[in-house]
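Peer 1: Below you'll find the structure I mean.
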Amino acid sequence: MLESLLALDGLVLLRDSVEWEGRSLLKALVKKSALLVYHDLFRDPLNWSKPGKAHPGGPLEALRDLDKRTGSGPATIALDSLSWLLLHLPCPTLCQTLHALSRQDSCPGDSPPGEQVRVLGLLHEELHGPGPLGALSSLAQTEVTLSGTMGQASAHILYRRPRQRPIHQTQWFSILPDFSLELQAEPPLESRPRSDPHTPSVDPTTHLTFNLHLSKKEREVKDSLTLPFQFSSEKQQALLRPGLGQATSHIFYEPDAYDDLDQEDPDDDLDV
């Protein structure tokens with residue numbers, strides 16, 4: 001799956017973190033690339049190390065000049081890293097430049113396969129806020145997020161294509177000392193969590209304040225108990241059967257001095 005990234009065009013975004021660095025993966029992909037333009041934005045953003053290659057227009061002009069060096073054939077532009085550009089340039093300007101650099105302005109059927117350009121951009125996501133990360137994420141056709149477990153690296157790959165559903169894949173890999181990419185079908189056995197057979201199992205119901213296990217006698221008592229909110233037949237009969245005191249009950253009323261007993265003008269005391 002990771003090797004297929006070099007067969008795609010557009011922007012391929014490699015997102016790493018402090019725990020899982022992505023520069024080794026970028027170098028492994030660079031090693032497999034046929035025609036490559038590598039720009040070290042971390043140590044030499046203006047190409048000062050190459051005589052006659054410095055760009056007085058700044059890093060933005062240096063980035064735009066990379067498109068002229070790719071020629072007409074398929075090319076891979078590796079940027080190490082996008083975080084440096086994102087910290088020194090406005091986010092909209094960088095997105096527009098990357099959009100033009102990856103030749104996304106043309107329709108997929110306009111450019112022949114020989115003119116495909118892919119941009120590999122390494123992004124240290126912990127250095128940026130959710131706004132710039134979301135902008136670059138929406139611009140990329142492919143995202144590779146590095147993570148892992150137990151010292152073994154994995155890459156979560158998200159493919160986006162026009163008029164197609166996004167595809168999610170996970171690839172386990174390792175980088176050899178010569179920056180060769182070794183792919184693995186699944187996590188190695190030593191990285192999988194293993195349970196110790198000598199470790200005693202812990203009963204989660206040990207320290208509960210109530211008993212989850214009832215004996216046969218306790219279950220019979222529980223089933224025969226009538227709860228207060230249950231409307232049993234005995235309660236229904238008691239409500240329907242008239243009581244002894246209902247036939248002889250009376251209401252006694254003794255009026256006081258302020259009661260209005262005038263039947264012809266009951267509203268006399270309202271002063272209306």
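Residue numbers start at 1 in each chain; chains themselves are named A, B, ... in the order of the structure tokens; ligands are numbered from 1 in the order shown.
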Quick one: residues within 10 Å of Leu5 (chain A), only C-alpha atoms, excluding same-chain residues fewer than 5 positions away - as a PDB file with N, CA, C and O atoms, in the first residue's frame?
Peer 2:
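Contents of the output file part-v3.pdb:
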```
ATOM      1  N   VAL A  12       0.374  14.230  -1.506  1.00  0.00           N
ATOM      2  CA  VAL A  12       0.397  13.137  -0.535  1.00  0.00           C
ATOM      3  C   VAL A  12       0.948  13.712   0.763  1.00  0.00           C
ATOM      4  O   VAL A  12       2.097  14.156   0.819  1.00  0.00           O
ATOM      5  N   LEU A  29      10.475   6.515   0.677  1.00  0.00           N
ATOM      6  CA  LEU A  29       9.703   6.748  -0.543  1.00  0.00           C
ATOM      7  C   LEU A  29      10.530   7.491  -1.585  1.00  0.00           C
ATOM      8  O   LEU A  29      10.387   7.249  -2.795  1.00  0.00           O
ATOM      9  N   ARG A 118       3.421  14.356  -8.407  1.00  0.00           N
ATOM     10  CA  ARG A 118       2.989  14.096  -7.033  1.00  0.00           C
ATOM     11  C   ARG A 118       3.895  14.875  -6.087  1.00  0.00           C
ATOM     12  O   ARG A 118       5.092  15.037  -6.358  1.00  0.00           O
ATOM     13  N   LEU A 120       5.128  14.979  -2.193  1.00  0.00           N
ATOM     14  CA  LEU A 120       5.208  14.338  -0.879  1.00  0.00           C
ATOM     15  C   LEU A 120       5.559  15.410   0.136  1.00  0.00           C
ATOM     16  O   LEU A 120       6.662  15.966   0.105  1.00  0.00           O
ATOM     17  N   THR A 142      -4.197  12.182  -0.706  1.00  0.00           N
ATOM     18  CA  THR A 142      -3.828  11.016   0.094  1.00  0.00           C
ATOM     19  C   THR A 142      -3.202  11.510   1.393  1.00  0.00           C
ATOM     20  O   THR A 142      -2.351  12.400   1.383  1.00  0.00           O
ATOM     21  N   GLU A 143      -3.639  10.937   2.506  1.00  0.00           N
ATOM     22  CA  GLU A 143      -3.080  11.254   3.819  1.00  0.00           C
ATOM     23  C   GLU A 143      -2.521   9.986   4.449  1.00  0.00           C
ATOM     24  O   GLU A 143      -3.176   8.942   4.434  1.00  0.00           O
ATOM     25  N   VAL A 144      -1.329  10.111   5.008  1.00  0.00           N
ATOM     26  CA  VAL A 144      -0.687   9.000   5.703  1.00  0.00           C
ATOM     27  C   VAL A 144      -0.401   9.478   7.119  1.00  0.00           C
ATOM     28  O   VAL A 144       0.434  10.365   7.325  1.00  0.00           O
ATOM     29  N   ILE A 157      -3.696   5.027   5.994  1.00  0.00           N
ATOM     30  CA  ILE A 157      -3.727   5.690   4.693  1.00  0.00           C
ATOM     31  C   ILE A 157      -5.172   5.994   4.335  1.00  0.00           C
ATOM     32  O   ILE A 157      -6.044   5.131   4.415  1.00  0.00           O
ATOM     33  N   TYR A 159      -7.307   7.471   1.165  1.00  0.00           N
ATOM     34  CA  TYR A 159      -7.320   7.833  -0.254  1.00  0.00           C
ATOM     35  C   TYR A 159      -8.605   8.612  -0.544  1.00  0.00           C
ATOM     36  O   TYR A 159      -9.688   8.172  -0.198  1.00  0.00           O
TER      37      TYR A 159
END
```
Peer 1: Select, from A:Leu158, A:Leu133, A:Leu240, A:Leu122, the residue with the minimum atom-to-atom distance to Arg15 (chain A), counting only C-alpha atoms.
Peer 2: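 Looking at the shortest contact to Arg15 (chain A), the residue is A:Leu122.
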Peer 1: Report, in Å to a single decimal, how far apart CA of Thr149 (chain A) and CA of Glu21 (chain A) are.
Peer 2: 13.7 Å
Peer 1: Name the residues in contact with region 123-132 of chain A at a cut-off of 8 Å, using only C-alpha atoms, excluding same-chain residues fewer than 3 positions from it; report them as a list of chain:residue names.
Peer 2: A:Leu13, A:Leu14, A:Arg15, A:Asp16, A:Ser17, A:Val18, A:Ser81, A:Leu82, A:Ser83, A:Leu86, A:Cys91, A:Ala135, A:Leu136
Peer 1: For those residues, write C-alpha atoms to a file as an mmCIF file, in the first residue's frame.
Peer 2:
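Generated output (part.cif):
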```cif
data_model
loop_
_atom_site.group_PDB
_atom_site.id
_atom_site.type_symbol
_atom_site.label_atom_id
_atom_site.label_comp_id
_atom_site.auth_asym_id
_atom_site.auth_seq_id
_atom_site.Cartn_x
_atom_site.Cartn_y
_atom_site.Cartn_z
ATOM 1 C CA LEU A 13 0.480 14.361 3.060
ATOM 2 C CA LEU A 14 2.653 12.505 5.587
ATOM 3 C CA ARG A 15 1.553 13.390 9.123
ATOM 4 C CA ASP A 16 3.908 12.438 11.931
ATOM 5 C CA SER A 17 4.246 13.211 15.642
ATOM 6 C CA VAL A 18 6.848 13.205 18.378
ATOM 7 C CA SER A 81 8.977 19.784 5.601
ATOM 8 C CA LEU A 82 5.671 21.556 5.059
ATOM 9 C CA SER A 83 5.700 22.658 8.687
ATOM 10 C CA LEU A 86 3.338 26.732 7.217
ATOM 11 C CA CYS A 91 -1.901 29.286 5.085
ATOM 12 C CA ALA A 135 -6.907 23.168 5.248
ATOM 13 C CA LEU A 136 -3.970 20.990 4.174
#
```
Peer 1: Enumerate, as an NGL selection string, the complete set of residues in region 81-178 of chain A that a backbone-based DSSP assignment places in helix (DSSP H, G or I).
Peer 2: :A and (82-88 or 91-101 or 113-115 or 125-127 or 130-139)
Peer 1: Write the residues of the selection above to a file with N, CA, C and O atoms, as a tab-separated table (two decimals), in the first residue's frame.
Peer 2:
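For reference, selection29.tsv as written:
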```
chain	number	residue	atom	x	y	z
A	82	LEU	N	6.71	20.55	5.24
A	82	LEU	CA	5.67	21.56	5.06
A	82	LEU	C	5.48	22.41	6.30
A	82	LEU	O	4.96	23.52	6.22
A	83	SER	N	5.88	21.89	7.45
A	83	SER	CA	5.70	22.66	8.69
A	83	SER	C	6.51	23.95	8.67
A	83	SER	O	6.06	24.98	9.17
A	84	TRP	N	7.71	23.89	8.07
A	84	TRP	CA	8.52	25.12	8.00
A	84	TRP	C	7.81	26.16	7.17
A	84	TRP	O	7.76	27.35	7.52
A	85	LEU	N	7.25	25.75	6.02
A	85	LEU	CA	6.52	26.70	5.17
A	85	LEU	C	5.27	27.22	5.85
A	85	LEU	O	4.93	28.40	5.75
A	86	LEU	N	4.59	26.33	6.58
A	86	LEU	CA	3.34	26.73	7.22
A	86	LEU	C	3.58	27.71	8.36
A	86	LEU	O	2.72	28.51	8.70
A	87	LEU	N	4.77	27.66	8.94
A	87	LEU	CA	5.11	28.58	10.02
A	87	LEU	C	5.62	29.93	9.51
A	87	LEU	O	5.67	30.90	10.28
A	88	HIS	N	6.00	30.01	8.24
A	88	HIS	CA	6.56	31.24	7.70
A	88	HIS	C	5.71	31.87	6.62
A	88	HIS	O	5.99	33.00	6.20
A	91	CYS	N	-1.34	30.58	5.46
A	91	CYS	CA	-1.90	29.29	5.08
A	91	CYS	C	-2.61	29.32	3.73
A	91	CYS	O	-2.42	28.41	2.91
A	92	PRO	N	-3.44	30.36	3.40
A	92	PRO	CA	-4.08	30.37	2.08
A	92	PRO	C	-3.08	30.44	0.93
A	92	PRO	O	-3.25	29.77	-0.10
A	93	THR	N	-1.99	31.21	1.11
A	93	THR	CA	-0.99	31.31	0.05
A	93	THR	C	-0.28	29.98	-0.16
A	93	THR	O	-0.04	29.56	-1.30
A	94	LEU	N	0.03	29.29	0.92
A	94	LEU	CA	0.69	27.99	0.80
A	94	LEU	C	-0.23	26.97	0.13
A	94	LEU	O	0.21	26.19	-0.72
A	95	CYS	N	-1.52	26.98	0.48
A	95	CYS	CA	-2.45	26.03	-0.12
A	95	CYS	C	-2.61	26.29	-1.61
A	95	CYS	O	-2.67	25.34	-2.41
A	96	GLN	N	-2.66	27.56	-2.02
A	96	GLN	CA	-2.78	27.87	-3.44
A	96	GLN	C	-1.54	27.43	-4.20
A	96	GLN	O	-1.63	26.91	-5.32
A	97	THR	N	-0.36	27.61	-3.59
A	97	THR	CA	0.87	27.20	-4.26
A	97	THR	C	0.96	25.69	-4.39
A	97	THR	O	1.35	25.16	-5.43
A	98	LEU	N	0.59	24.97	-3.33
A	98	LEU	CA	0.60	23.51	-3.40
A	98	LEU	C	-0.43	23.00	-4.39
A	98	LEU	O	-0.20	21.99	-5.07
A	99	HIS	N	-1.55	23.68	-4.48
A	99	HIS	CA	-2.58	23.29	-5.44
A	99	HIS	C	-2.06	23.40	-6.87
A	99	HIS	O	-2.29	22.51	-7.71
A	100	ALA	N	-1.33	24.48	-7.17
A	100	ALA	CA	-0.76	24.65	-8.50
A	100	ALA	C	0.44	23.73	-8.72
A	100	ALA	O	0.66	23.24	-9.83
A	101	LEU	N	1.21	23.49	-7.66
A	101	LEU	CA	2.41	22.65	-7.78
A	101	LEU	C	2.04	21.21	-8.09
A	101	LEU	O	2.73	20.54	-8.87
A	113	PRO	N	-0.72	10.47	-18.68
A	113	PRO	CA	-0.07	9.85	-17.54
A	113	PRO	C	1.39	10.21	-17.40
A	113	PRO	O	1.95	10.19	-16.32
A	114	GLY	N	2.04	10.57	-18.51
A	114	GLY	CA	3.46	10.90	-18.43
A	114	GLY	C	3.74	12.22	-17.77
A	114	GLY	O	4.89	12.53	-17.46
A	115	GLU	N	2.73	13.06	-17.55
A	115	GLU	CA	2.94	14.37	-16.95
A	115	GLU	C	2.42	14.44	-15.52
A	115	GLU	O	2.24	15.53	-15.00
A	125	GLU	N	2.32	17.54	12.71
A	125	GLU	CA	1.00	18.06	13.05
A	125	GLU	C	0.93	18.66	14.45
A	125	GLU	O	0.02	19.44	14.72
A	126	GLU	N	1.84	18.32	15.33
A	126	GLU	CA	1.79	18.88	16.69
A	126	GLU	C	2.23	20.34	16.74
A	126	GLU	O	2.07	21.00	17.76
A	127	LEU	N	2.78	20.86	15.65
A	127	LEU	CA	3.22	22.25	15.62
A	127	LEU	C	2.14	23.21	15.16
A	127	LEU	O	2.35	24.42	15.18
A	130	PRO	N	-5.75	23.32	14.61
A	130	PRO	CA	-6.70	22.56	13.78
A	130	PRO	C	-7.06	23.26	12.48
A	130	PRO	O	-7.41	22.59	11.49
A	131	GLY	N	-6.98	24.60	12.41
A	131	GLY	CA	-7.32	25.29	11.18
A	131	GLY	C	-6.37	24.98	10.03
A	131	GLY	O	-6.80	24.52	8.97
A	132	PRO	N	-5.06	25.24	10.18
A	132	PRO	CA	-4.12	24.90	9.10
A	132	PRO	C	-4.08	23.41	8.79
A	132	PRO	O	-3.96	23.03	7.62
A	133	LEU	N	-4.20	22.56	9.81
A	133	LEU	CA	-4.21	21.12	9.55
A	133	LEU	C	-5.42	20.72	8.72
A	133	LEU	O	-5.32	19.89	7.81
A	134	GLY	N	-6.57	21.30	9.01
A	134	GLY	CA	-7.76	20.97	8.24
A	134	GLY	C	-7.67	21.47	6.81
A	134	GLY	O	-8.16	20.80	5.89
A	135	ALA	N	-7.04	22.64	6.61
A	135	ALA	CA	-6.91	23.17	5.25
A	135	ALA	C	-6.01	22.27	4.40
A	135	ALA	O	-6.35	21.94	3.25
A	136	LEU	N	-4.86	21.87	4.93
A	136	LEU	CA	-3.97	20.99	4.17
A	136	LEU	C	-4.58	19.60	4.00
A	136	LEU	O	-4.37	18.95	2.98
A	137	SER	N	-5.33	19.16	5.00
A	137	SER	CA	-5.97	17.85	4.89
A	137	SER	C	-7.00	17.83	3.77
A	137	SER	O	-7.12	16.84	3.03
A	138	SER	N	-7.78	18.89	3.63
A	138	SER	CA	-8.77	18.95	2.56
A	138	SER	C	-8.12	19.09	1.19
A	138	SER	O	-8.72	18.73	0.17
A	139	LEU	N	-6.90	19.61	1.14
A	139	LEU	CA	-6.21	19.79	-0.12
A	139	LEU	C	-5.55	18.50	-0.61
A	139	LEU	O	-5.38	18.32	-1.82
```
Peer 1: Find the residue from A:Ala185, A:Ala62, A:Leu6, A:Ala155 that sits nearest to Val117 (chain A); use only C-alpha atoms when measuring.
Peer 2: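 Closest residue, counting only C-alpha atoms: A:Leu6.
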Peer 1: Just how far from CA of Ile175 (chain A) is CA of Leu146 (chain A), in Å to one decimal?
Peer 2: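 Calculated distance between CA of Leu146 (chain A) and CA of Ile175 (chain A) is 12.9 Å.
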